[in-house]
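S.K.: Questions regarding the structure given below will be posed in turn.
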Amino acid sequence: MKPTHIEHIGIAVKDLQASIKFYENVFGLKCYAIEEVKDQKVKTAFFKVGQTKIELLESTEPDGPIGKFIEKKGEGIHHIAFAVDDVSKALREMESKGVQLIDKQPRKGAEDLDIAFLHPKSTGGVLIELCE
Ligand code: ZN
């Protein structure tokens with residue numbers, strides 16, 4: 001399993017609308033989708049930068065994963081998502097290599113993609129998402 005490219009970079013923000021304006025005004029990027037992912041308690045906004053996307057994440061609940069992240073570490077880069085051909089297969093391979101998984105099975109993320117997270121404890125402190 002080799003990632004084909006960086007699918008997106010997830011950035012935790014406190015104020016989605018303000019951050020969208022920042023990326024639009026400062027970088028001239030266009031937000032092309034806003035989507036709520038209920039089971040993750042987040043609202044996401046997407047920008048394309050070449051083949052890679054920027055995913056802004058705002059917590060919809062203080063106790064959601066992004067809310068907790070911001071409380072602990074402040075706003076900033078939250079995760080990096082690698083595009084892979086087959087998330088299930090990649091998870092089995094990661095597990096066999098001793099990587100701790102957050103998701104044992106792929107689940108649906110934003111944009112209806114199959115996704116799964118690897119635990120930052122076993123990836124040098126980086127939250128890595130696999131994305132198909
Ligand atoms: Zn993501």
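In the structure tokens, chains take letters A, B, ... by order of appearance, with residues numbered from 1 within each chain and ligands from 1 in the order shown.
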What's the 12 Å shell around region 22-24 of chain A, counting only C-alpha atoms, without same-chain residues fewer than 3 positions away, as a list in words?
M.R.: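 Near neighbours after the sequence-gap exclusion: Ile11, Val13, Asp15, Leu16, Gln17, Ala18, Ser19, Phe27, Gly28, Leu29, Lys30, Cys31, Tyr32, Ala45, Phe46, Phe47, Lys48, Val49, Ile54, Glu55 and Leu56 of chain A.
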S.K.: Compute the set of protein, DNA and RNA residues whose minimum atom distance to ligand 1 is at most 7 Å, using only C-alpha atoms and all ligand atoms, and state it as a PyMOL selection string.
M.R.: chain A and resi 8-10+55+79-81+129
S.K.: Please save all heavy atoms of the selected residues as a PDB file, in the first residue's frame.
M.R.:
```pdb
ATOM      1  N   HIS A   8      -5.927  15.500   1.190  1.00  0.00           N
ATOM      2  CA  HIS A   8      -6.201  16.803   1.790  1.00  0.00           C
ATOM      3  C   HIS A   8      -5.433  16.997   3.086  1.00  0.00           C
ATOM      4  O   HIS A   8      -4.885  16.050   3.642  1.00  0.00           O
ATOM      5  CB  HIS A   8      -7.701  17.019   2.011  1.00  0.00           C
ATOM      6  CG  HIS A   8      -8.331  16.076   3.004  1.00  0.00           C
ATOM      7  ND1 HIS A   8      -8.925  14.897   2.638  1.00  0.00           N
ATOM      8  CD2 HIS A   8      -8.460  16.147   4.349  1.00  0.00           C
ATOM      9  CE1 HIS A   8      -9.398  14.283   3.714  1.00  0.00           C
ATOM     10  NE2 HIS A   8      -9.124  15.017   4.773  1.00  0.00           N
ATOM     11  N   ILE A   9      -5.404  18.240   3.522  1.00  0.00           N
ATOM     12  CA  ILE A   9      -4.847  18.584   4.825  1.00  0.00           C
ATOM     13  C   ILE A   9      -5.991  19.159   5.641  1.00  0.00           C
ATOM     14  O   ILE A   9      -6.702  20.056   5.172  1.00  0.00           O
ATOM     15  CB  ILE A   9      -3.696  19.598   4.674  1.00  0.00           C
ATOM     16  CG1 ILE A   9      -2.551  18.935   3.891  1.00  0.00           C
ATOM     17  CG2 ILE A   9      -3.209  20.082   6.043  1.00  0.00           C
ATOM     18  CD1 ILE A   9      -1.452  19.886   3.498  1.00  0.00           C
ATOM     19  N   GLY A  10      -6.209  18.591   6.816  1.00  0.00           N
ATOM     20  CA  GLY A  10      -7.305  19.032   7.682  1.00  0.00           C
ATOM     21  C   GLY A  10      -6.809  20.077   8.667  1.00  0.00           C
ATOM     22  O   GLY A  10      -5.799  19.871   9.344  1.00  0.00           O
ATOM     23  N   GLU A  55      -9.053  21.126   3.949  1.00  0.00           N
ATOM     24  CA  GLU A  55     -10.323  20.853   4.627  1.00  0.00           C
ATOM     25  C   GLU A  55     -10.327  21.632   5.939  1.00  0.00           C
ATOM     26  O   GLU A  55      -9.565  21.314   6.848  1.00  0.00           O
ATOM     27  CB  GLU A  55     -10.440  19.342   4.911  1.00  0.00           C
ATOM     28  CG  GLU A  55     -11.669  18.952   5.707  1.00  0.00           C
ATOM     29  CD  GLU A  55     -11.675  17.472   6.118  1.00  0.00           C
ATOM     30  OE1 GLU A  55     -10.620  16.943   6.503  1.00  0.00           O
ATOM     31  OE2 GLU A  55     -12.747  16.851   6.058  1.00  0.00           O
ATOM     32  N   HIS A  79      -4.886  17.076  10.723  1.00  0.00           N
ATOM     33  CA  HIS A  79      -4.507  15.784  10.154  1.00  0.00           C
ATOM     34  C   HIS A  79      -4.076  15.916   8.695  1.00  0.00           C
ATOM     35  O   HIS A  79      -4.352  16.924   8.041  1.00  0.00           O
ATOM     36  CB  HIS A  79      -5.653  14.761  10.270  1.00  0.00           C
ATOM     37  CG  HIS A  79      -6.885  15.104   9.487  1.00  0.00           C
ATOM     38  ND1 HIS A  79      -7.897  15.892   9.996  1.00  0.00           N
ATOM     39  CD2 HIS A  79      -7.273  14.770   8.229  1.00  0.00           C
ATOM     40  CE1 HIS A  79      -8.847  16.016   9.077  1.00  0.00           C
ATOM     41  NE2 HIS A  79      -8.503  15.345   7.990  1.00  0.00           N
ATOM     42  N   ILE A  80      -3.400  14.870   8.227  1.00  0.00           N
ATOM     43  CA  ILE A  80      -3.005  14.780   6.831  1.00  0.00           C
ATOM     44  C   ILE A  80      -3.666  13.531   6.263  1.00  0.00           C
ATOM     45  O   ILE A  80      -3.645  12.472   6.896  1.00  0.00           O
ATOM     46  CB  ILE A  80      -1.469  14.696   6.703  1.00  0.00           C
ATOM     47  CG1 ILE A  80      -0.867  16.037   7.142  1.00  0.00           C
ATOM     48  CG2 ILE A  80      -1.048  14.364   5.265  1.00  0.00           C
ATOM     49  CD1 ILE A  80       0.630  16.070   7.132  1.00  0.00           C
ATOM     50  N   ALA A  81      -4.293  13.670   5.107  1.00  0.00           N
ATOM     51  CA  ALA A  81      -5.007  12.538   4.512  1.00  0.00           C
ATOM     52  C   ALA A  81      -4.273  12.046   3.272  1.00  0.00           C
ATOM     53  O   ALA A  81      -4.038  12.813   2.331  1.00  0.00           O
ATOM     54  CB  ALA A  81      -6.433  12.941   4.145  1.00  0.00           C
ATOM     55  N   GLU A 129      -4.969  10.240   8.091  1.00  0.00           N
ATOM     56  CA  GLU A 129      -6.235   9.705   7.585  1.00  0.00           C
ATOM     57  C   GLU A 129      -5.945   8.995   6.274  1.00  0.00           C
ATOM     58  O   GLU A 129      -5.174   9.495   5.461  1.00  0.00           O
ATOM     59  CB  GLU A 129      -7.211  10.877   7.364  1.00  0.00           C
ATOM     60  CG  GLU A 129      -8.539  10.501   6.737  1.00  0.00           C
ATOM     61  CD  GLU A 129      -9.441  11.732   6.488  1.00  0.00           C
ATOM     62  OE1 GLU A 129      -9.124  12.829   6.997  1.00  0.00           O
ATOM     63  OE2 GLU A 129     -10.429  11.595   5.764  1.00  0.00           O
TER      64      GLU A 129
END
```
S.K.: With distances taken over only C-alpha atoms, which of A:Lys97, A:His5, A:Lys68, A:Lys104 is nearest to Thr52 (chain A)?
M.R.: A:His5
S.K.: By how many Å are CA of Ala12 (chain A) and CA of Thr44 (chain A) apart?
M.R.: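 Separation between CA of Ala12 (chain A) and CA of Thr44 (chain A): 9.5 Å.
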S.K.: Determine which residues of chain A receive a DSSP assignment of strand (DSSP E or B), computed from the backbone, and state them as number ranges by chain.
M.R.: A: 5-13, 33-37, 42-49, 52-59, 76-83, 101, 107-108, 114-118, 128-131
S.K.: Need to verify the contact set: Ile128 (chain A), 9 Å, only C-alpha atoms, exclusion of same-chain residues closer than 2 positions in sequence. Can you return it as a compact mmCIF listing (two decimals) with C-alpha atoms, in the first residue's frame?
M.R.:
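Below is the file that was written, result14.txt:
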```
# COMPACT_ATOMS: atom_id res chain seq x y z
CA HIS A 79 -4.51 15.78 10.15
CA ILE A 80 -3.00 14.78 6.83
CA ALA A 81 -5.01 12.54 4.51
CA PHE A 82 -3.29 10.12 2.15
CA ALA A 116 -10.05 5.72 8.40
CA PHE A 117 -7.68 7.25 10.90
CA LEU A 118 -4.39 5.92 12.24
CA HIS A 119 -3.48 6.70 15.84
CA PRO A 120 -0.93 9.53 16.22
CA THR A 123 2.75 7.64 13.62
CA VAL A 126 0.74 12.99 13.20
CA LEU A 130 -6.48 7.16 4.81
```
S.K.: Please provide the set of residues having any atom within 12 Å of Pro62 (chain A), restricted to only C-alpha atoms, with same-chain residues fewer than 3 positions apart removed, written as a list in words.
M.R.: Lys14, Gln40, Lys41, Val42, Glu58, Ser59, Pro65, Ile66, Gly67, Lys68, Phe69, Ile70, Glu71 and Lys72 of chain A
S.K.: Those residues you just picked out, can you put them in a file as a compact mmCIF listing (two decimals), in the first residue's frame with N, CA and C atoms?
M.R.:
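Okay, result_25.txt is ready:
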```txt
# COMPACT_ATOMS: atom_id res chain seq x y z
N LYS A 14 -11.65 27.78 14.63
CA LYS A 14 -12.71 28.13 15.59
C LYS A 14 -13.93 28.70 14.87
N GLN A 40 -18.96 13.08 13.36
CA GLN A 40 -17.69 13.67 13.79
C GLN A 40 -17.89 15.02 14.47
N LYS A 41 -19.15 15.47 14.53
CA LYS A 41 -19.47 16.76 15.14
C LYS A 41 -18.66 17.90 14.54
N VAL A 42 -18.58 17.90 13.22
CA VAL A 42 -17.85 18.97 12.53
C VAL A 42 -18.62 19.50 11.33
N GLU A 58 -14.60 22.93 11.63
CA GLU A 58 -15.11 23.66 12.79
C GLU A 58 -15.98 22.72 13.60
N SER A 59 -15.78 22.71 14.90
CA SER A 59 -16.56 21.83 15.76
C SER A 59 -17.99 22.34 15.89
N PRO A 65 -14.39 15.90 18.55
CA PRO A 65 -12.92 15.73 18.41
C PRO A 65 -12.21 17.04 18.05
N ILE A 66 -12.81 17.88 17.23
CA ILE A 66 -12.16 19.13 16.85
C ILE A 66 -12.23 20.14 18.00
N GLY A 67 -13.37 20.16 18.69
CA GLY A 67 -13.50 21.03 19.86
C GLY A 67 -12.44 20.72 20.90
N LYS A 68 -12.24 19.44 21.16
CA LYS A 68 -11.24 19.01 22.15
C LYS A 68 -9.83 19.34 21.68
N PHE A 69 -9.60 19.12 20.38
CA PHE A 69 -8.27 19.40 19.81
C PHE A 69 -7.92 20.87 20.00
N ILE A 70 -8.86 21.76 19.66
CA ILE A 70 -8.59 23.20 19.75
C ILE A 70 -8.39 23.62 21.21
N GLU A 71 -9.16 23.02 22.09
CA GLU A 71 -9.00 23.34 23.51
C GLU A 71 -7.60 22.98 24.00
N LYS A 72 -7.09 21.86 23.52
CA LYS A 72 -5.77 21.38 23.97
C LYS A 72 -4.62 22.07 23.25
```
S.K.: So that I can see what lies close to Asp86 (chain A), please list as number ranges by chain the residues with an atom at most 9 Å from it, counting only C-alpha atoms and leaving out residues fewer than 4 positions away in the same chain.
M.R.: A: 1, 90-91, 114, 130-132
